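**Student:** The file below is upload_7.cif, mmCIF, C-alpha atoms, pLDDT in the B column; chains and numbers go by the auth columns:
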```cif
data_coords
#
loop_
_atom_site.group_PDB
_atom_site.id
_atom_site.type_symbol
_atom_site.label_atom_id
_atom_site.label_comp_id
_atom_site.label_asym_id
_atom_site.label_seq_id
_atom_site.Cartn_x
_atom_site.Cartn_y
_atom_site.Cartn_z
_atom_site.B_iso_or_equiv
_atom_site.auth_seq_id
_atom_site.auth_asym_id
ATOM 1 C CA MET A 1 0.000 0.000 0.000 44.00 696 A
ATOM 2 C CA THR A 2 1.174 3.419 -0.825 41.00 697 A
ATOM 3 C CA THR A 3 1.164 6.176 1.769 42.00 698 A
ATOM 4 C CA GLY A 4 2.062 8.987 -0.600 44.00 699 A
ATOM 5 C CA ARG A 5 5.530 9.398 0.961 42.00 700 A
ATOM 6 C CA ASP A 6 8.877 8.359 -0.572 39.00 701 A
ATOM 7 C CA ASP A 7 10.387 5.130 0.678 36.00 702 A
ATOM 8 C CA ARG A 8 13.586 6.130 2.602 35.00 703 A
ATOM 9 C CA ARG A 9 15.125 2.645 2.862 31.00 704 A
ATOM 10 C CA ASP A 10 17.130 3.068 -0.365 36.00 705 A
ATOM 11 C CA ALA A 11 18.047 6.686 0.270 39.00 706 A
ATOM 12 C CA GLY A 12 21.513 8.133 -0.272 40.00 707 A
ATOM 13 C CA PRO A 13 24.209 8.758 2.360 43.00 708 A
ATOM 14 C CA THR A 14 21.666 9.935 4.898 42.00 709 A
ATOM 15 C CA GLY A 15 19.736 6.635 4.855 43.00 710 A
ATOM 16 C CA ARG A 16 20.383 3.879 7.400 41.00 711 A
ATOM 17 C CA ARG A 17 21.222 1.274 4.769 41.00 712 A
ATOM 18 C CA SER A 18 23.884 3.443 3.100 44.00 713 A
ATOM 19 C CA PHE A 19 25.493 4.213 6.457 39.00 714 A
ATOM 20 C CA TYR A 20 25.524 0.505 7.305 38.00 715 A
ATOM 21 C CA GLU A 21 27.164 -0.372 3.988 43.00 716 A
ATOM 22 C CA TRP A 22 29.759 2.412 4.480 40.00 717 A
ATOM 23 C CA TRP A 23 30.563 1.061 7.926 37.00 718 A
ATOM 24 C CA LEU A 24 31.219 -2.379 6.507 41.00 719 A
ATOM 25 C CA THR A 25 33.738 -0.948 3.999 48.00 720 A
ATOM 26 C CA LEU A 26 35.643 1.026 6.682 45.00 721 A
ATOM 27 C CA PRO A 27 38.326 -1.693 7.250 52.00 722 A
ATOM 28 C CA GLY A 28 39.227 -1.542 3.557 55.00 723 A
ATOM 29 C CA VAL A 29 39.549 2.250 3.698 46.00 724 A
ATOM 30 C CA LEU A 30 41.842 2.037 6.697 45.00 725 A
ATOM 31 C CA THR A 31 43.953 -0.572 4.936 50.00 726 A
ATOM 32 C CA ALA A 32 44.373 1.733 1.941 51.00 727 A
ATOM 33 C CA ILE A 33 45.416 4.660 4.176 48.00 728 A
ATOM 34 C CA THR A 34 47.949 2.429 5.925 48.00 729 A
ATOM 35 C CA GLY A 35 49.414 1.478 2.564 51.00 730 A
ATOM 36 C CA VAL A 36 49.860 5.143 1.635 41.00 731 A
ATOM 37 C CA LEU A 37 51.652 5.839 4.928 43.00 732 A
ATOM 38 C CA VAL A 38 53.941 2.853 4.451 40.00 733 A
ATOM 39 C CA ALA A 39 54.789 4.021 0.938 46.00 734 A
ATOM 40 C CA ALA A 40 55.535 7.496 2.260 46.00 735 A
ATOM 41 C CA GLY A 41 57.844 6.004 4.882 48.00 736 A
ATOM 42 C CA GLY A 42 59.668 4.075 2.189 48.00 737 A
ATOM 43 C CA LEU A 43 60.094 7.245 0.153 38.00 738 A
ATOM 44 C CA LEU A 44 61.586 9.062 3.151 36.00 739 A
ATOM 45 C CA THR A 45 63.976 6.169 3.670 40.00 740 A
ATOM 46 C CA ALA A 46 65.004 6.292 0.029 38.00 741 A
ATOM 47 C CA VAL A 47 66.159 9.905 0.241 36.00 742 A
ATOM 48 C CA ARG A 48 68.540 9.187 3.113 40.00 743 A
ATOM 49 C CA SER A 49 72.222 9.202 2.305 36.00 744 A
ATOM 50 C CA PRO A 50 74.073 5.859 1.899 38.00 745 A
ATOM 51 C CA ASP A 51 75.619 6.090 5.378 38.00 746 A
ATOM 52 C CA GLY A 52 72.205 6.252 7.006 39.00 747 A
ATOM 53 C CA ASP A 53 72.156 9.975 7.754 40.00 748 A
ATOM 54 C CA GLU A 54 69.406 12.123 6.365 41.00 749 A
ATOM 55 C CA ALA A 55 70.397 13.701 3.069 38.00 750 A
ATOM 56 C CA THR A 56 70.209 17.262 4.296 40.00 751 A
ATOM 57 C CA THR A 57 72.816 19.983 3.872 42.00 752 A
ATOM 58 C CA ALA A 58 73.572 21.978 7.010 45.00 753 A
ATOM 59 C CA PRO A 59 73.831 25.721 6.357 47.00 754 A
ATOM 60 C CA ALA A 60 77.270 27.297 6.702 48.00 755 A
ATOM 61 C CA PRO A 61 77.763 28.977 10.077 54.00 756 A
ATOM 62 C CA ALA A 62 77.189 32.713 9.909 56.00 757 A
ATOM 63 C CA PRO A 63 79.770 35.164 11.247 57.00 758 A
ATOM 64 C CA PRO A 64 78.965 36.291 14.781 54.00 759 A
ATOM 65 C CA GLN A 65 76.960 39.445 15.266 53.00 760 A
ATOM 66 C CA ILE A 66 79.340 41.710 17.145 48.00 761 A
ATOM 67 C CA SER A 67 78.736 45.329 17.948 47.00 762 A
ATOM 68 C CA VAL A 68 80.853 47.746 15.939 44.00 763 A
ATOM 69 C CA SER A 69 79.939 50.822 17.955 45.00 764 A
ATOM 70 C CA GLY A 70 82.902 50.600 20.338 46.00 765 A
ATOM 71 C CA SER A 71 82.958 51.880 23.889 48.00 766 A
ATOM 72 C CA PRO A 72 82.198 55.564 24.459 49.00 767 A
ATOM 73 C CA PRO A 73 85.354 57.698 24.939 53.00 768 A
ATOM 74 C CA SER A 74 85.888 59.259 28.348 51.00 769 A
ATOM 75 C CA ARG A 75 87.006 62.584 26.859 60.00 770 A
ATOM 76 C CA SER A 76 85.940 64.776 23.954 83.00 771 A
ATOM 77 C CA GLU A 77 87.938 63.491 21.005 94.00 772 A
ATOM 78 C CA THR A 78 86.997 62.826 17.393 94.00 773 A
ATOM 79 C CA VAL A 79 88.382 60.637 14.636 96.00 774 A
ATOM 80 C CA THR A 80 87.397 59.895 11.058 96.00 775 A
ATOM 81 C CA VAL A 81 88.420 56.993 8.817 96.00 776 A
ATOM 82 C CA ASP A 82 88.458 57.907 5.119 95.00 777 A
ATOM 83 C CA LYS A 83 90.263 54.770 4.008 94.00 778 A
ATOM 84 C CA PRO A 84 89.322 51.995 3.657 93.00 779 A
ATOM 85 C CA SER A 85 86.065 53.339 2.245 89.00 780 A
ATOM 86 C CA GLY A 86 84.365 49.932 2.370 90.00 781 A
ATOM 87 C CA SER A 87 84.450 46.802 4.495 92.00 782 A
ATOM 88 C CA GLU A 88 86.838 44.785 2.278 93.00 783 A
ATOM 89 C CA VAL A 89 90.573 45.069 2.871 93.00 784 A
ATOM 90 C CA PRO A 90 93.607 43.158 1.523 91.00 785 A
ATOM 91 C CA HIS A 91 96.392 41.536 3.546 89.00 786 A
ATOM 92 C CA CYS A 92 97.894 44.917 4.430 89.00 787 A
ATOM 93 C CA SER A 93 95.792 48.038 4.120 88.00 788 A
ATOM 94 C CA LEU A 94 96.739 51.653 4.723 92.00 789 A
ATOM 95 C CA PHE A 95 94.175 53.117 7.136 96.00 790 A
ATOM 96 C CA ARG A 96 93.847 56.865 6.837 96.00 791 A
ATOM 97 C CA GLY A 97 91.746 59.679 8.267 97.00 792 A
ATOM 98 C CA SER A 98 91.846 62.697 10.564 97.00 793 A
ATOM 99 C CA ALA A 99 91.591 63.211 14.306 97.00 794 A
ATOM 100 C CA VAL A 100 91.376 65.855 17.000 96.00 795 A
ATOM 101 C CA LEU A 101 92.830 64.424 20.202 96.00 796 A
ATOM 102 C CA GLY A 102 93.633 65.702 23.638 94.00 797 A
ATOM 103 C CA THR A 103 97.051 66.963 24.712 92.00 798 A
ATOM 104 C CA HIS A 104 99.876 64.365 24.690 94.00 799 A
ATOM 105 C CA ARG A 105 97.663 61.740 23.075 96.00 800 A
ATOM 106 C CA THR A 106 98.054 59.736 19.884 96.00 801 A
ATOM 107 C CA LEU A 107 96.380 56.895 18.011 97.00 802 A
ATOM 108 C CA VAL A 108 96.988 53.155 17.836 97.00 803 A
ATOM 109 C CA LEU A 109 95.117 50.566 15.776 97.00 804 A
ATOM 110 C CA GLY A 110 93.912 47.328 17.350 96.00 805 A
ATOM 111 C CA GLU A 111 92.879 44.233 15.384 95.00 806 A
ATOM 112 C CA ARG A 112 91.102 41.049 16.483 96.00 807 A
ATOM 113 C CA ARG A 113 89.879 38.163 14.338 96.00 808 A
ATOM 114 C CA ILE A 114 86.219 37.294 14.904 96.00 809 A
ATOM 115 C CA TYR A 115 85.537 34.741 12.113 95.00 810 A
ATOM 116 C CA PRO A 116 86.350 31.948 11.715 94.00 811 A
ATOM 117 C CA ASN A 117 87.964 30.745 14.954 91.00 812 A
ATOM 118 C CA PRO A 118 87.424 33.947 16.965 94.00 813 A
ATOM 119 C CA GLU A 119 90.415 35.168 18.971 93.00 814 A
ATOM 120 C CA LYS A 120 90.512 36.917 22.326 95.00 815 A
ATOM 121 C CA LEU A 121 93.856 38.549 21.563 95.00 816 A
ATOM 122 C CA TRP A 122 94.110 42.057 20.160 96.00 817 A
ATOM 123 C CA TYR A 123 97.083 42.947 17.935 95.00 818 A
ATOM 124 C CA PHE A 124 97.952 46.592 18.450 96.00 819 A
ATOM 125 C CA GLU A 125 99.913 48.743 15.992 95.00 820 A
ATOM 126 C CA SER A 126 101.328 52.058 17.227 96.00 821 A
ATOM 127 C CA TYR A 127 103.051 53.128 14.003 95.00 822 A
ATOM 128 C CA VAL A 128 101.019 56.222 13.052 96.00 823 A
ATOM 129 C CA LYS A 129 102.182 59.088 10.866 95.00 824 A
ATOM 130 C CA TRP A 130 100.632 62.546 11.222 96.00 825 A
ATOM 131 C CA THR A 131 100.180 65.374 8.735 94.00 826 A
ATOM 132 C CA GLY A 132 101.110 68.513 10.649 86.00 827 A
ATOM 133 C CA THR A 133 100.756 68.532 14.432 91.00 828 A
ATOM 134 C CA ALA A 134 100.452 65.077 15.989 91.00 829 A
ATOM 135 C CA GLY A 135 96.960 64.465 17.260 94.00 830 A
ATOM 136 C CA GLN A 136 95.523 67.468 15.453 94.00 831 A
ATOM 137 C CA GLY A 137 95.096 66.584 11.792 95.00 832 A
ATOM 138 C CA GLY A 138 95.498 63.872 9.208 97.00 833 A
ATOM 139 C CA TRP A 139 96.899 60.451 10.109 97.00 834 A
ATOM 140 C CA TRP A 140 97.699 57.135 8.425 96.00 835 A
ATOM 141 C CA SER A 141 98.799 53.733 9.669 95.00 836 A
ATOM 142 C CA PRO A 142 99.404 50.337 8.028 92.00 837 A
ATOM 143 C CA ARG A 143 97.267 47.492 9.305 89.00 838 A
ATOM 144 C CA HIS A 144 98.473 43.948 8.638 87.00 839 A
ATOM 145 C CA LEU A 145 95.787 41.255 8.660 87.00 840 A
ATOM 146 C CA GLY A 146 96.131 37.496 8.341 81.00 841 A
ATOM 147 C CA SER A 147 97.297 35.536 5.328 81.00 842 A
ATOM 148 C CA ILE A 148 93.961 33.851 4.501 86.00 843 A
ATOM 149 C CA ALA A 149 91.183 35.612 2.611 88.00 844 A
ATOM 150 C CA SER A 150 87.545 35.714 3.819 92.00 845 A
ATOM 151 C CA GLN A 151 88.476 36.182 7.474 94.00 846 A
ATOM 152 C CA HIS A 152 86.554 38.820 9.455 96.00 847 A
ATOM 153 C CA TYR A 153 88.222 41.291 11.820 96.00 848 A
ATOM 154 C CA LEU A 154 87.360 44.062 14.210 96.00 849 A
ATOM 155 C CA VAL A 155 89.666 47.063 13.847 96.00 850 A
ATOM 156 C CA ASP A 156 89.632 49.630 16.653 97.00 851 A
ATOM 157 C CA VAL A 157 91.023 53.148 16.287 97.00 852 A
ATOM 158 C CA VAL A 158 92.178 53.904 19.813 97.00 853 A
ATOM 159 C CA SER A 159 93.252 57.118 21.530 97.00 854 A
ATOM 160 C CA ILE A 160 96.033 56.659 24.083 97.00 855 A
ATOM 161 C CA ASP A 161 98.322 58.828 26.197 96.00 856 A
ATOM 162 C CA ARG A 162 101.840 58.921 24.723 96.00 857 A
ATOM 163 C CA THR A 163 103.521 58.252 28.061 96.00 858 A
ATOM 164 C CA THR A 164 101.289 55.224 28.653 96.00 859 A
ATOM 165 C CA LEU A 165 102.032 53.973 25.155 97.00 860 A
ATOM 166 C CA GLY A 166 105.777 54.249 25.735 96.00 861 A
ATOM 167 C CA LYS A 167 105.521 52.208 28.943 96.00 862 A
ATOM 168 C CA VAL A 168 103.423 49.514 27.252 96.00 863 A
ATOM 169 C CA LEU A 169 105.899 49.136 24.378 96.00 864 A
ATOM 170 C CA ALA A 170 108.891 49.096 26.720 94.00 865 A
ATOM 171 C CA ALA A 171 107.402 46.364 28.903 93.00 866 A
ATOM 172 C CA ASP A 172 105.961 44.230 26.104 92.00 867 A
ATOM 173 C CA THR A 173 107.531 40.887 25.242 88.00 868 A
ATOM 174 C CA SER A 174 104.678 39.474 23.128 85.00 869 A
ATOM 175 C CA ASP A 175 105.929 40.732 19.766 78.00 870 A
ATOM 176 C CA ALA A 176 109.374 41.245 18.248 80.00 871 A
ATOM 177 C CA LEU A 177 108.386 44.451 16.403 88.00 872 A
ATOM 178 C CA PRO A 178 109.072 47.626 18.382 92.00 873 A
ATOM 179 C CA THR A 179 105.776 49.305 17.436 94.00 874 A
ATOM 180 C CA THR A 180 103.363 46.449 18.155 94.00 875 A
ATOM 181 C CA TRP A 181 102.090 44.452 21.108 95.00 876 A
ATOM 182 C CA VAL A 182 99.543 41.701 21.785 95.00 877 A
ATOM 183 C CA ALA A 183 97.071 41.739 24.673 95.00 878 A
ATOM 184 C CA THR A 184 93.552 40.693 25.635 95.00 879 A
ATOM 185 C CA LYS A 185 92.470 44.262 26.449 94.00 880 A
ATOM 186 C CA ARG A 186 93.401 47.896 25.952 94.00 881 A
ATOM 187 C CA PRO A 187 95.802 49.705 28.293 93.00 882 A
ATOM 188 C CA PRO A 188 94.259 51.802 31.088 92.00 883 A
ATOM 189 C CA GLY A 189 92.983 55.135 29.843 93.00 884 A
ATOM 190 C CA ALA A 190 92.839 54.068 26.182 96.00 885 A
ATOM 191 C CA ASP A 191 89.547 54.866 24.430 95.00 886 A
ATOM 192 C CA VAL A 192 87.984 53.363 21.300 95.00 887 A
ATOM 193 C CA LEU A 193 87.039 56.287 19.070 96.00 888 A
ATOM 194 C CA LYS A 194 86.028 54.217 16.042 95.00 889 A
ATOM 195 C CA ARG A 195 85.334 50.516 15.509 96.00 890 A
ATOM 196 C CA LEU A 196 85.266 48.925 12.056 96.00 891 A
ATOM 197 C CA ARG A 197 84.335 45.441 10.911 96.00 892 A
ATOM 198 C CA VAL A 198 86.293 44.361 7.849 95.00 893 A
ATOM 199 C CA THR A 199 86.644 41.264 5.681 95.00 894 A
ATOM 200 C CA GLN A 200 89.972 40.252 4.192 93.00 895 A
ATOM 201 C CA VAL A 201 90.096 39.803 0.417 93.00 896 A
ATOM 202 C CA PRO A 202 92.915 38.444 -1.779 91.00 897 A
ATOM 203 C CA GLY A 203 95.793 40.812 -2.499 88.00 898 A
ATOM 204 C CA LYS A 204 98.865 42.225 -0.782 84.00 899 A
ATOM 205 C CA GLY A 205 97.424 45.726 -0.411 87.00 900 A
ATOM 206 C CA ASP A 206 98.981 49.173 -0.528 83.00 901 A
ATOM 207 C CA CYS A 207 101.144 49.298 2.586 84.00 902 A
ATOM 208 C CA PRO A 208 104.524 51.029 2.134 77.00 903 A
ATOM 209 C CA THR A 209 107.400 48.618 1.635 62.00 904 A
ATOM 210 C CA ALA A 210 109.367 50.333 4.401 49.00 905 A
ATOM 211 C CA SER A 211 106.776 51.550 6.883 47.00 906 A
ATOM 212 C CA ARG A 212 109.123 51.364 9.865 47.00 907 A
#
```
If you convert what's in this file into structure tokens, what do you get?
**Tutor:**
Amino acid sequence: MTTGRDDRRDAGPTGRRSFYEWWLTLPGVLTAITGVLVAAGGLLTAVRSPDGDEATTAPAPAPPQISVSGSPPSRSETVTVDKPSGSEVPHCSLFRGSAVLGTHRTLVLGERRIYPNPEKLWYFESYVKWTGTAGQGGWWSPRHLGSIASQHYLVDVVSIDRTTLGKVLAADTSDALPTTWVATKRPPGADVLKRLRVTQVPGKGDCPTASR
């Protein structure tokens, strides 16, 4: 007998029979998903390197981020560095600029390698030539770096009392050259007026052949 309503027993996904049939096929669906996961695992295994390590390339270590601002000077002194004009320098570069220093003070240049294999030692160079009155005009100084290109250095332009400098050089036994010394820190009363970060590039540079 017909009631005038549609028979819902053979309905689509919302009918009870369709849901029951879907439930019976669920184990097959799960088996298929498992197969996909197993295949994916095999693919991941295939891209591993022969020695068993994952075939990934580690990024090269980046140079350390070190402040180049320097410590604030304890007295009113100024210095400029006109050369080098960029951050790339050869094995030996002639640093040049101008300065207005206090009475009886002069400049020294300090250098420390920061990449690769950072050093704690500073290599100080006191050989500075002045144009006109010492401490009150143009200056230049040779700065010797390492022998391997692509190394990174901090170069400090330091103001120091001349009497203090003389005592440091007289007492130093760390370097055979009479104008240089090696230490882990600056002498007392020495101020960083300018700090540069430079990268060594191939080439001998423009240092004078007889700078001393």
**Student:** Tell me which protein, DNA and RNA residues are within 10 Å of A:Thr858, counting all atoms listed in the file, leaving out same-chain ones fewer than 6 positions away, and put them as a list in words.
**Tutor:**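 Result of the neighbour search: His799, Arg800 and Thr801 of chain A.
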**Student:** Can you measure atom CA of A:Trp817 to atom CA of A:Ala844 for me? One decimal in Å is fine.
**Tutor:**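 Pair atom CA of A:Trp817 / atom CA of A:Ala844 returns 18.9 Å.
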**Student:** Select, from A:Val877, A:Ala866, A:Ile843, A:Ala829, the residue with the minimum atom-to-atom distance to A:Ala794, counting only C-alpha atoms.
**Tutor:**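 Residue with the minimum atom-to-atom distance to A:Ala794: A:Ala829.
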**Student:** Determine, counting only C-alpha atoms, which protein, DNA and RNA residues have an atom within 7 Å of an atom of stretch 809-813 of chain A; residues of the same chain fewer than 5 positions away are not included. Present the result as an MDAnalysis selection string.
**Tutor:** chainID A and resid 758 846:849
**Student:** Can you spell out as JSON, numbers by chain the set of residues that the PyMOL selection byres ((chain A and resi 878-886) around 12) selects in the structure I just provided?
**Tutor:** {"A": [765, 766, 767, 768, 769, 770, 771, 772, 773, 774, 796, 797, 800, 801, 802, 803, 804, 805, 806, 807, 814, 815, 816, 817, 818, 819, 820, 851, 852, 853, 854, 855, 856, 857, 858, 859, 860, 861, 862, 863, 864, 867, 868, 869, 870, 875, 876, 877, 887, 888, 889, 890]}
**Student:** Looking at all atoms listed in the file, which of A:Leu891, A:Val795, A:Leu840, A:Leu872 is the one that sits closest to A:Ser780?
**Tutor:**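 Closest to A:Ser780 of all the choices is A:Leu891.
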**Student:** Of the residues A:Ser845, A:Thr828, A:Ser821, A:Gln895, which is the one nearest to A:Pro873, using all atoms listed in the file?
**Tutor:**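 Selected residue with least distance to A:Pro873: A:Ser821.
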**Student:** Would you mind telling me which residue in A:Ser793, A:Ser788, A:Thr775, A:Thr874 lies nearest to A:Thr826 when using all atoms listed in the file?
**Tutor:**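 Checking each candidate against A:Thr826, we get A:Ser793 as the closest.
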**Student:** If the PyMOL selection byres ((chain A and resi 897) around 6) is run on the structure shown, which residues does it catch, given as number ranges by chain?
**Tutor:** A: 785, 844, 896, 898
**Student:** Using C-alpha atoms, can you export the residues from the last selection as an mmCIF file, in the frame of the given file?
**Tutor:**
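Full text of again33.cif as output:
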```cif
data_model
loop_
_atom_site.group_PDB
_atom_site.id
_atom_site.type_symbol
_atom_site.label_atom_id
_atom_site.label_comp_id
_atom_site.auth_asym_id
_atom_site.auth_seq_id
_atom_site.Cartn_x
_atom_site.Cartn_y
_atom_site.Cartn_z
ATOM 1 C CA PRO A 785 93.607 43.158 1.523
ATOM 2 C CA ALA A 844 91.183 35.612 2.611
ATOM 3 C CA VAL A 896 90.096 39.803 0.417
ATOM 4 C CA GLY A 898 95.793 40.812 -2.499
#
```
**Student:** In Å, rounded to a single decimal, give me how far atom CA of A:Ala871 is from atom CA of A:Arg838.
**Tutor:**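 These atoms are spaced 16.3 Å apart.
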**Student:** Report the distance between atom CA of A:Val823 and atom CA of A:Val784 in Å, rounded to one decimal place.
**Tutor:**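 Those two atoms sit 18.4 Å apart.
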**Student:** Taking all atoms listed in the file into account, which of A:Thr894, A:Gln831, A:Thr798, A:Ser836 comes nearest A:Lys778?
**Tutor:**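 The shortest atom-to-atom distance to A:Lys778 comes from A:Ser836.
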**Student:** For A:Pro837, list every protein, DNA or RNA residue within 9 Å, evaluated using all atoms listed in the file, and leave out those in the same chain fewer than 2 positions away; present the list as a list in words.
**Tutor:**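 Final neighbour list, sorted by chain and number: Cys787, Ser788, Leu789, Phe790, Arg791, Leu804, Glu820, Tyr822, Val823, Trp835, His839, Asp901, Cys902, Pro903 and Ser906 of chain A.
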**Student:** Output C-alpha atoms of each residue in that selection to a file, as a CSV table (one decimal), in the coordinates of the input.
**Tutor:**
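Done, and the output landed in selection37.csv:
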```csv
chain,number,residue,atom,x,y,z
A,787,CYS,CA,97.9,44.9,4.4
A,788,SER,CA,95.8,48.0,4.1
A,789,LEU,CA,96.7,51.7,4.7
A,790,PHE,CA,94.2,53.1,7.1
A,791,ARG,CA,93.8,56.9,6.8
A,804,LEU,CA,95.1,50.6,15.8
A,820,GLU,CA,99.9,48.7,16.0
A,822,TYR,CA,103.1,53.1,14.0
A,823,VAL,CA,101.0,56.2,13.1
A,835,TRP,CA,97.7,57.1,8.4
A,839,HIS,CA,98.5,43.9,8.6
A,901,ASP,CA,99.0,49.2,-0.5
A,902,CYS,CA,101.1,49.3,2.6
A,903,PRO,CA,104.5,51.0,2.1
A,906,SER,CA,106.8,51.6,6.9
```
